[in-house]
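In what follows, a structure is listed as structure tokens, so that the remarks can point back to it.
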Amino acid sequence: MSKAIYIATSDQNSGKSIITLGLMSILIGKTAKVGYFRPIIEDFVDGESDNHIETVLSYFNLDIKFEDAYAITKSKLIKKKNKGKIGDVLDLIIEKYKKLEQRFDFVLVEGTSFTGEGTSIELDLNVLIAKNLGIPTIIIGSGVGKTLEELVDSLYLIYDSFKVKDVEVLSVIANKVQFENIELVTQGLQKSLPSNVLINTIPLISSLNNPTMQEIVNQLGAKVLFGSAYLNNEIGHFSVGAMQLHNYLVHLNDNALVITPGDRSDIILGALQANESVNYPTISGIILTGNIIPEDSILKLIEGLSAIVPIIAVDGGTYSITNKIGSIRSEIYANNTHKIETSISTFEKYVAIDDLSERLITFVPEGMTPKMFQYNMVQRAKQHRKHIVLPEGNDDRIIMATSRLLDMDVVDISIIGDKKQIESKVAELGITFDFSKVNIINPKESELYEDYANTYYELRKAKNVSITMARDLMEDVSYFGTMMVYKGHADGMVSGAAHTTQHTILPALQFIKTKPNSSVVSSVFFMCLEDRVSVFGDCAINPNPTAEQLAEIAISSAESSSAFGIEPKIAMLSYSSGASGKGDEVDKVRAATEIVKQKRPDLKIEGPIQYDAAVDKVVGKSKMPDSEVAGQASVLIFPDLNTGNNTYKAVQRETGALAIGPMLQGLNKPVNDLSRGCTVDDIINTVVITAIQAQGL
């Protein structure tokens, strides 16, 4: 079953509370543990909390603390956006959502409400959040004040906004529609939207839109004089009692709110008497304006009546108070069980619950966003903590990356270098660095130096290596670091910030060696594009692989893809797609594809295929309409190093993609190479993937 559903709206006052409460009620009946999360909420007063969150948590008795049920307030979001730090917001949202996902069988995620500052960015932001959480969406739109065409167009617009970013829309719900237009609206949406989208229409339920006396009190800061037990009374109509009583009584309607100056005892008492009379409508409450409290004799008379309605006193004149009441939008409070139960019953009556439940059960998310990929990497590295050695300890970038990795508390770290030089660089860089948590090793001074030299001598003496040569090589940071991994004193190594690829990999090839089922060491980059993560291989090691080597690279890359949570759909790239192309290079790719199919018939693979046909759905469908890989490839295998290296760099520079790697494949133990132009973030990401490799993936 899908772990979550995202509720999104097209505009404010869409009535998505009905969907939230109704769906929560259904889920609790079908799932053992249901969680609730709102990524972004409106600002609230210190010491208080968001009413909507408290209502859901309280009514359904959810074991979630208020601060865990949301990620960020609207004002803090705006500040982050203005500083260009939306990425930080997404990181926070993912982190808090994931904590709930781990605790609950299903999480209902509710999007923003399009109120207050920042409404112009809310649609795009909701799409971005749903995309990064990897969950399907239900869309709600209000029919109030819209023609049929306007309602259908607005709902299609928001549907298309989600679909264009590959967010699956399970259902579209038109809410607050006049009863007589339900069928018309349903048919209009069915014509406009794809047949696989569930269409439901909910009528306008007046009692859910009517504010309660409690809301009037809250909004106006009123003082309750009488009837505090009846503040959940709903207000169907309101009118000003400014005329003579006999004339005013004619204007009373059911669930009326009487607005009158506090010195109009005739209106007050007359309205109360009318409330008790079977000949007049029921009154919801009375508002006394001008901050005028009736005389004691009138108050005593009111106290003696058998039927009491809420009577409240407010500052402000009758005219201004009446205008304020007209602008109050109804909300649902935890103690207003009538509205909650009405919402749930309305949802159950007008939404095809069984169909929706079936869609939730069968939904399978596709792809993974860069933010989710990076979050998952860090969390997986933390699950089984590993020890990584960084041989280039005198490089500023290594020192800064180590500082941040210590803050992240994701791995144990050894640095090879001179401690005094590192201490001096830390002071120059002005960064925090907990030396008590880092093992700093100078090879020549290490107690392991002689043992490592002897071990290397025994492993390589058949290659005419003398003990003197072994000692000299063990002073080299790459050899010493690789020997730490070989001897089990570290779980993996990351190097290359200040050394060549050959300098990093040669020691590993000499004595860590390749896995029993591997004949070639290759590499992959995890290319974090705007809305997906693709695996590129081999872009760093093999200049011109044979068909057999290319096949092995493809299989290794597919296994790496799966290990990091990306479903492998392999595209064997060439300058030609399908059977039309001719030439040695195309034939090599074609032969490699056949070898993969023979060795691993379980893998989805297409080749030869051009890059655009591999990644673009329109082009892929046009060139290879029957392919299950074309247009949706996640693993892209390049025919040679020249093509692969240039392509990954071109994609990285032109699209702003984050390239994590290269991650080496085929070695018995993880050793990974950095580019000499790497950034601090590159180092951190490579350390994390090395730690995950060390877990045996």
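A note on labels: chains of the structure tokens are A, B, ... as shown, every chain counts residues from 1, and ligands are counted from 1 in their shown order.
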**OP:** Just list the residues in segment 250-363 of chain A DSSP gives helix (DSSP H, G or I) on the backbone, as a PyMOL selection string.
**Re:** chain A and resi 250-251+265-276+296-303+318-326+337-350+353-362
Original post:
If we count only C-alpha atoms, what is near Val378 of chain A at a cut-off of 9 Å, once residues fewer than 5 positions away on the same chain are taken out, given as a ChimeraX atom specification?
Top reply: /A:373,383,408,410,685,688-689,692
Would you save the residues of that selection, restricted to N, CA, C and O atoms, as a PDB file, in the first residue's frame?
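Final output, part_17.pdb:
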```
ATOM      1  N   PHE A 373      16.713  11.378  -2.674  1.00  0.00           N
ATOM      2  CA  PHE A 373      17.872  10.509  -2.845  1.00  0.00           C
ATOM      3  C   PHE A 373      18.951  10.851  -1.821  1.00  0.00           C
ATOM      4  O   PHE A 373      19.495   9.963  -1.148  1.00  0.00           O
ATOM      5  N   GLN A 383      22.354   4.139   9.499  1.00  0.00           N
ATOM      6  CA  GLN A 383      21.785   2.896  10.035  1.00  0.00           C
ATOM      7  C   GLN A 383      22.865   1.943  10.517  1.00  0.00           C
ATOM      8  O   GLN A 383      22.723   1.284  11.552  1.00  0.00           O
ATOM      9  N   MET A 408      27.174  16.187  11.033  1.00  0.00           N
ATOM     10  CA  MET A 408      26.109  15.291  10.558  1.00  0.00           C
ATOM     11  C   MET A 408      26.066  13.995  11.362  1.00  0.00           C
ATOM     12  O   MET A 408      25.033  13.335  11.418  1.00  0.00           O
ATOM     13  N   VAL A 410      27.466  11.036  10.799  1.00  0.00           N
ATOM     14  CA  VAL A 410      27.029   9.973   9.911  1.00  0.00           C
ATOM     15  C   VAL A 410      28.058   8.850   9.763  1.00  0.00           C
ATOM     16  O   VAL A 410      27.701   7.705   9.496  1.00  0.00           O
ATOM     17  N   ASN A 685      29.253  13.846  -0.163  1.00  0.00           N
ATOM     18  CA  ASN A 685      28.395  12.868  -0.838  1.00  0.00           C
ATOM     19  C   ASN A 685      29.140  11.579  -1.143  1.00  0.00           C
ATOM     20  O   ASN A 685      28.591  10.482  -1.009  1.00  0.00           O
ATOM     21  N   VAL A 688      29.548   9.515   1.974  1.00  0.00           N
ATOM     22  CA  VAL A 688      28.288   8.862   2.346  1.00  0.00           C
ATOM     23  C   VAL A 688      28.033   7.626   1.486  1.00  0.00           C
ATOM     24  O   VAL A 688      27.670   6.565   2.004  1.00  0.00           O
ATOM     25  N   ILE A 689      28.229   7.723   0.157  1.00  0.00           N
ATOM     26  CA  ILE A 689      27.975   6.546  -0.683  1.00  0.00           C
ATOM     27  C   ILE A 689      29.013   5.452  -0.416  1.00  0.00           C
ATOM     28  O   ILE A 689      28.710   4.253  -0.516  1.00  0.00           O
ATOM     29  N   ILE A 692      27.797   3.570   2.553  1.00  0.00           N
ATOM     30  CA  ILE A 692      26.704   2.664   2.186  1.00  0.00           C
ATOM     31  C   ILE A 692      27.262   1.436   1.474  1.00  0.00           C
ATOM     32  O   ILE A 692      26.833   0.301   1.739  1.00  0.00           O
TER      33      ILE A 692
END
```
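Using only C-alpha atoms, the shortest contact distance between Lys176 of chain A and any of A:Phe347, A:Tyr449, A:Phe526, A:Phe564 is found at A:Phe347.
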Original post:
Just how far from atom CA of Leu133 of chain A is atom CA of Ile94 of chain A, in Å to one decimal?
Top reply: 6.5 Å
Per residue of segment 351-427 of chain A within 10 Å of segment 12-24 of chain A, record the nearest atom pair and its distance in Å to one decimal, counting only C-alpha atoms, with rows in chain order and ascending residue number, as a Markdown table.
```
| residue | atom | partner | partner_atom | distance |
| --- | --- | --- | --- | --- |
| A:Val351 | CA | A:Ile19 | CA | 9.2 |
| A:Ile353 | CA | A:Leu23 | CA | 8.6 |
| A:Leu356 | CA | A:Leu23 | CA | 9.7 |
| A:Ser357 | CA | A:Leu23 | CA | 9.7 |
```
File dump, residues just selected, C-alpha atoms, as a short mmCIF file (atom, residue, chain, number, x, y, z; two decimals), in the first residue's frame:
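Here's the written file out-v8.cif:
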```
data_model
loop_
_atom_site.label_atom_id
_atom_site.label_comp_id
_atom_site.auth_asym_id
_atom_site.auth_seq_id
_atom_site.Cartn_x
_atom_site.Cartn_y
_atom_site.Cartn_z
CA VAL A 351 -16.80 10.28 -2.50
CA ILE A 353 -14.42 5.47 -1.08
CA LEU A 356 -10.15 5.61 -3.91
CA SER A 357 -8.96 2.95 -1.44
#
```
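Reported to one decimal place, the separation of atom CA of Met572 of chain A from atom CA of Ala554 of chain A is 7.9 Å.
Restricting the calculation to only C-alpha atoms, the smallest distance between Ile398 of chain A and any of A:Pro211, A:Val680, A:Ser414, A:Lys131 is found for A:Val680.
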Subject >> Residue neighbourhood Ile328 of chain A, 12 Å, only C-alpha atoms, exclusion window fewer than 6 positions, as an MDAnalysis selection string >> reply: chainID A and resid 13 209:220 235 321:322
Original post:
If you count only C-alpha atoms, which residues fall within 8 Å of Lys569 of chain A, apart from same-chain ones fewer than 4 positions away, as a list of chain:residue names?
Top reply: A:Ala558, A:Leu603, A:Lys604, A:Ile605, A:Val629, A:Gln632, A:Ala633, A:Ser634, A:Val635
Subject >> Between atom CA of Pro194 of chain A and atom CA of Val167 of chain A, distance in Å (one decimal) >> reply: 14.3 Å
